[in-house]
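Colleague: Starting off with a structure, shown below.
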Amino acid sequence: MKPYEVIKELESDNSRKFKESVIAREDSANNVQFFDGVSMAMDKLRTFGLKQVPESNKDGRGIDWGDFKEIARQLEERETTGNTARQAVQKLCDDSLQDEWNYWYRRILIKDLRCGVTEKTVNKFSKIKVPVFECMLADDSKKHESKLKGQVFVEPKLDGVRVIAICDTRKDEVVLMSRNGKELVNFPHINTQLDHLLGELDRSWVFDGEIMSADFQSLMKQIHRKGDAQTDDAILNLFDCMPLEMFQQGECTEPLTKRKQWLESFDFGPNIRTIESVRFDLDEDYDKFMDYNRLCIDKGYEGIMIKPVNGVYECRRSSLWLKVKPFIEVSLKVVAVEE
């Protein structure tokens with residue numbers, strides 16, 4: 001089947017099993033073009049630099065997959081930008097069959113196939129694997145109490161929105177992404193301040209942090225607003241960083257101590273800060289650790305984060321980062337006992 005016909009078929013039924021059967025069928029049929037396009041659309045780190053992509057209202061002569069891929073490559077590599085890019089995309093639209101464009105080529109360029117299929121479904125039922133956008137997520141300390149030991153960095157747990165800031169020197173652009181790989185476009189002042197940094201970088205970097213505003217509810221109302229978002233007070237609080245190629249590989253093996261040194265070496269703008277980190281030896285400094293925990297509670301933080309000083313960065317949920325909810329020690333007099 002032609003790829004656009006597969007997309008239309010996937011749209012026709014909301015059943016999960018139906019969609020899985022279609023993906024498995026196309027895999028068995030070795031529909032390379034379909035899975036190649038799916039990967040282009042679903043890989044969050046592949047972008048085409050387009051704000052708008054026109055829809056088609058008439059049939060053209062039809063275009064070749066290889067011709068489309070070449071234009072897409074030029075857009076992805078930023079060899080074609082601005083008005084030249086718009087003209088190239090418009091020509092593709094005019095030359096395509098209407099359904100071929102609206103259901104397939106256009107959806108690749110807007111990074112949304114709109115057929116109810118996720119990366120995980122594709123990866124489960126096909127041989128061709130789509131990269132899944134993931135950042136490092138903390139685990140609950142209650143599940144790993146035996147790991148609360150040794151040399152660690154302790155940080156306040158912020159009540160904000162996770163942001164992965166990608167400063168790509170090859171494409172000469174800055175992109176802010178959510179933890180799920182959705183682009184965040186309502187923080188232009190953060191983008192601008194990172195743009196200034198971009199001109200000083202000799203390689204591409206990823207900065208991991210949390211955006212905070214006056215309060216969490218206000219921030220959530222503005223973060224995905226279509227227009228007139230009020231985010232000027234938002235602060236990007238950074239706690240980690242690494243070269244982009246390491247993030248793309250799914251792991252940075254440099255220890256957290258080194259990554260903290262990298263982070264402190266950058267000159268950020270006024271709305272970008274590094275999170276306070278305090279180093280403890282949990283085997284020897286437990287009382288000081290408890291004092292810091294109480295301090296975070298008093299300041300109104302959600303809790304604390306505990307990270308081993310030599311820990312790597314893994315693009316998945318990991319017990320190397322442990323989140324600890326606020327806890328308070330008190331001494332109580334026993335006044336009665338019931339067996």
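Chain lettering (A, B, ...) mirrors the order of the structure tokens, residue numbering begins at 1 for each chain separately, and ligand numbering begins at 1 in order of display.
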Assign secondary structure with DSSP using the backbone only, and return the residues of region 87-223 of chain A in strand (DSSP E) as a PyMOL selection string.

Modeller: chain A and resi 137-140+151-157+161-168+173-177+205-212

Colleague: For the selection you just gave me, I'd like the residues written to a file as a compact mmCIF listing (two decimals), in the first residue's frame, keeping N, CA, C and O atoms.

Modeller:
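Everything below was put into part08.txt:
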# COMPACT_ATOMS: atom_id res chain seq x y z
N LEU A 137 14.67 10.72 34.16
CA LEU A 137 13.60 10.91 35.13
C LEU A 137 13.98 10.25 36.44
O LEU A 137 14.60 9.19 36.46
N ALA A 138 13.60 10.89 37.54
CA ALA A 138 13.95 10.39 38.87
C ALA A 138 13.00 9.29 39.31
O ALA A 138 11.85 9.23 38.90
N ASP A 139 13.49 8.44 40.19
CA ASP A 139 12.67 7.39 40.80
C ASP A 139 12.37 7.78 42.24
O ASP A 139 12.99 8.69 42.82
N ASP A 140 11.41 7.09 42.84
CA ASP A 140 11.01 7.36 44.23
C ASP A 140 12.03 6.76 45.19
O ASP A 140 12.38 5.58 45.10
N GLN A 151 28.66 9.71 48.55
CA GLN A 151 28.78 11.10 48.12
C GLN A 151 27.68 11.45 47.12
O GLN A 151 27.55 10.80 46.07
N VAL A 152 26.90 12.46 47.44
CA VAL A 152 25.78 12.86 46.59
C VAL A 152 25.68 14.37 46.49
O VAL A 152 26.18 15.11 47.35
N PHE A 153 25.04 14.81 45.41
CA PHE A 153 24.58 16.19 45.31
C PHE A 153 23.10 16.19 45.69
O PHE A 153 22.33 15.33 45.25
N VAL A 154 22.70 17.17 46.51
CA VAL A 154 21.30 17.31 46.90
C VAL A 154 20.81 18.66 46.40
O VAL A 154 21.47 19.69 46.59
N GLU A 155 19.65 18.65 45.75
CA GLU A 155 19.08 19.86 45.17
C GLU A 155 17.62 19.99 45.58
O GLU A 155 16.95 18.97 45.81
N PRO A 156 17.10 21.21 45.67
CA PRO A 156 15.66 21.36 45.91
C PRO A 156 14.88 20.86 44.70
O PRO A 156 15.31 21.02 43.55
N LYS A 157 13.75 20.22 44.96
CA LYS A 157 12.87 19.75 43.89
C LYS A 157 11.90 20.87 43.54
O LYS A 157 11.07 21.27 44.36
N VAL A 161 7.92 23.20 35.15
CA VAL A 161 7.76 22.40 33.93
C VAL A 161 9.14 22.02 33.42
O VAL A 161 10.00 22.88 33.22
N ARG A 162 9.36 20.72 33.22
CA ARG A 162 10.65 20.23 32.74
C ARG A 162 10.91 20.75 31.33
O ARG A 162 10.02 20.70 30.45
N VAL A 163 12.13 21.20 31.10
CA VAL A 163 12.50 21.75 29.79
C VAL A 163 13.87 21.20 29.38
O VAL A 163 14.82 21.21 30.17
N ILE A 164 13.95 20.69 28.16
CA ILE A 164 15.21 20.30 27.55
C ILE A 164 15.53 21.36 26.50
O ILE A 164 14.82 21.49 25.50
N ALA A 165 16.58 22.14 26.74
CA ALA A 165 16.97 23.21 25.82
C ALA A 165 18.10 22.71 24.92
O ALA A 165 19.17 22.33 25.41
N ILE A 166 17.85 22.69 23.62
CA ILE A 166 18.83 22.19 22.66
C ILE A 166 19.42 23.38 21.90
O ILE A 166 18.71 24.10 21.20
N CYS A 167 20.72 23.59 22.08
CA CYS A 167 21.45 24.63 21.36
C CYS A 167 22.27 23.95 20.26
O CYS A 167 23.34 23.40 20.54
N ASP A 168 21.75 23.98 19.05
CA ASP A 168 22.33 23.24 17.93
C ASP A 168 23.15 24.19 17.07
O ASP A 168 22.61 25.01 16.32
N GLU A 173 20.34 27.11 15.76
CA GLU A 173 19.03 27.37 16.34
C GLU A 173 18.94 26.81 17.76
O GLU A 173 19.69 25.91 18.15
N VAL A 174 18.00 27.37 18.49
CA VAL A 174 17.69 26.93 19.85
C VAL A 174 16.26 26.42 19.88
O VAL A 174 15.35 27.08 19.35
N VAL A 175 16.06 25.23 20.46
CA VAL A 175 14.72 24.66 20.58
C VAL A 175 14.51 24.26 22.03
O VAL A 175 15.36 23.61 22.65
N LEU A 176 13.37 24.66 22.59
CA LEU A 176 12.97 24.23 23.94
C LEU A 176 11.95 23.11 23.79
O LEU A 176 10.97 23.25 23.05
N MET A 177 12.17 22.01 24.51
CA MET A 177 11.27 20.86 24.39
C MET A 177 10.83 20.39 25.77
O MET A 177 11.56 20.52 26.76
N TRP A 205 24.99 21.78 22.38
CA TRP A 205 24.79 21.38 23.77
C TRP A 205 23.32 21.18 24.07
O TRP A 205 22.44 21.77 23.43
N VAL A 206 23.07 20.35 25.09
CA VAL A 206 21.73 20.17 25.65
C VAL A 206 21.77 20.61 27.11
O VAL A 206 22.67 20.20 27.86
N PHE A 207 20.81 21.44 27.50
CA PHE A 207 20.70 21.90 28.89
C PHE A 207 19.37 21.39 29.45
O PHE A 207 18.32 21.55 28.84
N ASP A 208 19.45 20.79 30.62
CA ASP A 208 18.28 20.17 31.24
C ASP A 208 17.90 20.97 32.48
O ASP A 208 18.75 21.30 33.32
N GLY A 209 16.61 21.30 32.58
CA GLY A 209 16.20 22.10 33.72
C GLY A 209 14.70 22.17 33.90
O GLY A 209 13.94 21.38 33.33
N GLU A 210 14.28 23.16 34.66
CA GLU A 210 12.87 23.32 35.01
C GLU A 210 12.52 24.80 34.89
O GLU A 210 13.23 25.67 35.42
N ILE A 211 11.45 25.09 34.16
CA ILE A 211 10.98 26.47 34.06
C ILE A 211 9.97 26.73 35.17
O ILE A 211 9.06 25.93 35.39
N MET A 212 10.16 27.84 35.85
CA MET A 212 9.24 28.24 36.91
C MET A 212 8.75 29.65 36.67
O MET A 212 9.47 30.49 36.12

Colleague: Give me the residues of region 210-280 of chain A that have any atom at most 12 Å from an atom of region 317-320 of chain A; for each, the nearest atom pair and the distance in Å, rounded to one decimal. Use only C-alpha atoms, sort by chain and number, and format it as CSV.

Modeller:
residue,atom,partner,partner_atom,distance
A:Gly250,CA,A:Arg317,CA,11.8
A:Glu251,CA,A:Ser318,CA,11.6
A:Pro255,CA,A:Leu320,CA,11.5
A:Leu256,CA,A:Leu320,CA,10.5

Colleague: Atoms to include: N, CA, C and O atoms. Write the selected residues as a compact mmCIF listing (two decimals), in the first residue's frame.

Modeller:
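Final output, selection.txt:
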# COMPACT_ATOMS: atom_id res chain seq x y z
N GLY A 250 21.64 8.64 24.00
CA GLY A 250 20.85 8.13 25.11
C GLY A 250 21.57 8.06 26.44
O GLY A 250 20.99 7.61 27.44
N GLU A 251 22.81 8.54 26.49
CA GLU A 251 23.56 8.47 27.74
C GLU A 251 24.79 9.38 27.68
O GLU A 251 25.45 9.46 26.65
N PRO A 255 30.78 11.93 34.63
CA PRO A 255 30.14 11.98 35.94
C PRO A 255 29.44 13.32 36.19
O PRO A 255 29.76 14.33 35.56
N LEU A 256 28.49 13.29 37.09
CA LEU A 256 27.72 14.50 37.40
C LEU A 256 28.62 15.64 37.84
O LEU A 256 28.36 16.81 37.52

Colleague: Distance CA of Ile23 (chain A)-CA of Met1 (chain A), one decimal place?

Modeller: 11.8 Å

Colleague: I'd like to know which of A:Met290, A:Leu148, A:Val130, A:Ile63 is closest to Asp99 (chain A), using only C-alpha atoms.

Modeller: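 Nearest candidate to Asp99 (chain A) out of A:Met290, A:Leu148, A:Val130, A:Ile63: A:Ile63.
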
Colleague: Could you list, with a cut-off of 10 Å and counting only C-alpha atoms, the residues of region 292-333 of chain A near region 224-247 of chain A, each shown with its nearest atom pair and the distance in Å rounded to one decimal, rows sorted by chain and ascending number, as a tab-separated table?

Modeller:
residue	atom	partner	partner_atom	distance
A:Tyr313	CA	A:Phe247	CA	8.6
A:Glu314	CA	A:Phe247	CA	8.6
A:Cys315	CA	A:Phe247	CA	7.4

Colleague: Would you mind exporting the chosen residues as a PDB file, in the first residue's frame, restricted to N, CA, C and O atoms?

Modeller:
ATOM      1  N   TYR A 313      24.332  10.229  33.152  1.00  0.00           N
ATOM      2  CA  TYR A 313      23.011  10.704  32.721  1.00  0.00           C
ATOM      3  C   TYR A 313      22.430   9.652  31.786  1.00  0.00           C
ATOM      4  O   TYR A 313      23.017   9.347  30.748  1.00  0.00           O
ATOM      5  N   GLU A 314      21.278   9.092  32.158  1.00  0.00           N
ATOM      6  CA  GLU A 314      20.608   8.073  31.356  1.00  0.00           C
ATOM      7  C   GLU A 314      19.275   8.621  30.855  1.00  0.00           C
ATOM      8  O   GLU A 314      18.495   9.140  31.649  1.00  0.00           O
ATOM      9  N   CYS A 315      19.020   8.503  29.569  1.00  0.00           N
ATOM     10  CA  CYS A 315      17.771   9.010  28.997  1.00  0.00           C
ATOM     11  C   CYS A 315      16.631   8.026  29.251  1.00  0.00           C
ATOM     12  O   CYS A 315      16.115   7.378  28.324  1.00  0.00           O
TER      13      CYS A 315
END

Colleague: What does the distance from CA of Glu119 (chain A) to CA of Arg16 (chain A) come to in Å, to one decimal?

Modeller: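 If I compute the distance from CA of Glu119 (chain A) to CA of Arg16 (chain A), I get 13.5 Å.
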
Colleague: Which of these residues is nearest to Asp172 (chain A), using only C-alpha atoms: A:Pro3, A:Gly199, A:Gly160, A:Gly300?

Modeller: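 Checking each candidate against Asp172 (chain A), we get A:Gly199 as the closest.
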
Colleague: Choose the residue, out of A:Asn31, A:Gln248, A:Gln193, A:Asn57, that has the smallest atom-to-atom separation from Phe268 (chain A); count only C-alpha atoms.

Modeller: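 Checking each candidate against Phe268 (chain A), we get A:Gln193 as the closest.
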
Colleague: Can you pull out the residues contacting Ser21 (chain A)? Cut-off 10 Å, using only C-alpha atoms, and skip same-chain residues under 5 positions away; I want them as a PyMOL selection string.

Modeller: chain A and resi 10+15-16+26-27+125

Colleague: As an exercise, work out the distance from CA of Asn14 (chain A) to CA of Val38 (chain A) in Å and give it to one decimal place.

Modeller: 18.5 Å

Colleague: Quick one: contact table of region 153-264 of chain A to region 104-117 of chain A, 12 Å max, nearest atom pair and distance in Å to one decimal per residue, counting only C-alpha atoms, chain and number order, as a tab-separated table?

Modeller:
residue	atom	partner	partner_atom	distance
A:Gly181	CA	A:Lys111	CA	11.1
A:Lys182	CA	A:Lys111	CA	10.1
A:Glu183	CA	A:Lys111	CA	10.7

Colleague: With distances taken over only C-alpha atoms, which residue among A:Cys135, A:Leu97, A:Arg294, A:Met305 lies nearest Val330 (chain A)?

Modeller: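 Using only C-alpha atoms, the shortest distance to Val330 (chain A) belongs to A:Arg294.
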
Colleague: Would you mind telling me which residue in A:Val22, A:Leu332, A:Ile71, A:Ile275 lies nearest to Leu158 (chain A) when using only C-alpha atoms?

Modeller: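 The closest residue to Leu158 (chain A) is A:Ile275.
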
Colleague: Select, from A:Tyr4, A:Thr84, A:Lys333, A:His189, the residue with the minimum atom-to-atom distance to Gln33 (chain A), counting only C-alpha atoms.

Modeller: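 Looking only at the distances to Gln33 (chain A), the closest residue turns out to be A:Tyr4.
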
Colleague: Tell me, as a tab-separated table (two decimals) with N, CA and C atoms, in the first residue's frame, which residues lie within 12 Å of Leu92 (chain A), counting only C-alpha atoms; anything in the same chain fewer than 2 positions away does not count.

Modeller:
chain	number	residue	atom	x	y	z
A	53	VAL	N	2.89	24.87	7.10
A	53	VAL	CA	2.97	24.03	5.91
A	53	VAL	C	1.59	24.03	5.26
A	54	PRO	N	1.48	24.46	4.02
A	54	PRO	CA	0.16	24.59	3.39
A	54	PRO	C	-0.51	23.24	3.15
A	55	GLU	N	-1.84	23.26	3.10
A	55	GLU	CA	-2.61	22.09	2.69
A	55	GLU	C	-2.90	22.18	1.21
A	56	SER	N	-3.16	21.03	0.60
A	56	SER	CA	-3.46	20.99	-0.83
A	56	SER	C	-4.96	20.88	-1.05
A	59	ASP	N	-5.26	18.04	-7.07
A	59	ASP	CA	-4.26	17.04	-7.45
A	59	ASP	C	-3.21	17.63	-8.37
A	60	GLY	N	-1.95	17.35	-8.08
A	60	GLY	CA	-0.87	17.62	-9.02
A	60	GLY	C	-0.52	16.34	-9.75
A	61	ARG	N	0.64	16.34	-10.33
A	61	ARG	CA	1.06	15.17	-11.10
A	61	ARG	C	1.56	14.03	-10.21
A	62	GLY	N	1.82	14.36	-8.93
A	62	GLY	CA	2.41	13.39	-8.02
A	62	GLY	C	3.92	13.58	-7.95
A	63	ILE	N	4.52	13.32	-6.80
A	63	ILE	CA	5.96	13.51	-6.67
A	63	ILE	C	6.62	12.22	-6.18
A	64	ASP	N	7.89	12.11	-6.48
A	64	ASP	CA	8.67	10.93	-6.12
A	64	ASP	C	9.15	11.04	-4.68
A	65	TRP	N	9.16	9.91	-3.97
A	65	TRP	CA	9.62	9.88	-2.58
A	65	TRP	C	11.05	10.41	-2.46
A	67	ASP	N	12.53	12.63	-4.33
A	67	ASP	CA	12.54	14.09	-4.48
A	67	ASP	C	12.09	14.76	-3.18
A	68	PHE	N	11.05	14.20	-2.56
A	68	PHE	CA	10.59	14.76	-1.28
A	68	PHE	C	11.68	14.65	-0.22
A	69	LYS	N	12.33	13.50	-0.13
A	69	LYS	CA	13.37	13.29	0.88
A	69	LYS	C	14.53	14.26	0.71
A	70	GLU	N	14.87	14.59	-0.52
A	70	GLU	CA	15.96	15.52	-0.75
A	70	GLU	C	15.61	16.92	-0.25
A	71	ILE	N	14.39	17.38	-0.54
A	71	ILE	CA	13.96	18.69	-0.03
A	71	ILE	C	13.90	18.66	1.51
A	72	ALA	N	13.38	17.56	2.06
A	72	ALA	CA	13.30	17.42	3.51
A	72	ALA	C	14.70	17.45	4.13
A	85	ALA	N	12.81	28.24	1.40
A	85	ALA	CA	12.19	27.03	1.95
A	85	ALA	C	10.68	27.04	1.71
A	86	ARG	N	10.06	28.18	1.93
A	86	ARG	CA	8.61	28.28	1.71
A	86	ARG	C	8.25	27.99	0.25
A	87	GLN	N	9.05	28.50	-0.66
A	87	GLN	CA	8.79	28.26	-2.09
A	87	GLN	C	8.97	26.78	-2.44
A	88	ALA	N	10.01	26.16	-1.86
A	88	ALA	CA	10.26	24.74	-2.14
A	88	ALA	C	9.11	23.87	-1.62
A	89	VAL	N	8.61	24.19	-0.43
A	89	VAL	CA	7.50	23.43	0.15
A	89	VAL	C	6.22	23.66	-0.65
A	90	GLN	N	5.98	24.90	-1.08
A	90	GLN	CA	4.79	25.19	-1.87
A	90	GLN	C	4.81	24.43	-3.20
A	94	ASP	N	2.08	21.80	-4.54
A	94	ASP	CA	1.38	21.95	-5.83
A	94	ASP	C	1.56	20.73	-6.72
A	95	ASP	N	2.72	20.09	-6.64
A	95	ASP	CA	3.01	18.96	-7.52
A	95	ASP	C	2.42	17.65	-7.01
A	96	SER	N	2.12	17.55	-5.72
A	96	SER	CA	1.66	16.30	-5.13
A	96	SER	C	0.21	16.00	-5.47
A	97	LEU	N	-0.16	14.73	-5.41
A	97	LEU	CA	-1.57	14.37	-5.37
A	97	LEU	C	-2.14	14.89	-4.05
A	98	GLN	N	-3.40	15.27	-4.05
A	98	GLN	CA	-3.98	15.92	-2.88
A	98	GLN	C	-3.85	15.05	-1.63
A	100	GLU	N	-1.96	12.43	-1.19
A	100	GLU	CA	-0.54	12.13	-0.98
A	100	GLU	C	0.09	13.22	-0.14
A	101	TRP	N	-0.26	14.47	-0.41
A	101	TRP	CA	0.31	15.60	0.33
A	101	TRP	C	-0.32	15.74	1.71
A	102	ASN	N	-1.66	15.81	1.74
A	102	ASN	CA	-2.34	16.12	3.00
A	102	ASN	C	-2.20	15.02	4.05
A	104	TRP	N	0.27	12.53	3.97
A	104	TRP	CA	1.59	11.93	4.11
A	104	TRP	C	2.71	12.97	4.17
A	105	TYR	N	3.02	13.58	3.02
A	105	TYR	CA	4.17	14.48	2.99
A	105	TYR	C	4.00	15.66	3.96
A	106	ARG	N	2.83	16.26	3.95
A	106	ARG	CA	2.61	17.41	4.85
A	106	ARG	C	2.74	17.00	6.31
A	109	LEU	N	6.25	16.80	7.50
A	109	LEU	CA	6.87	18.12	7.70
A	109	LEU	C	6.35	18.82	8.95

Colleague: Let's see if you can do this: from backbone DSSP, list all helix (DSSP H, G or I) residues in region 13-127 of chain A, as a PyMOL selection string.

Modeller: chain A and resi 16-28+32-42+65-76+82-95+98-109+119-125
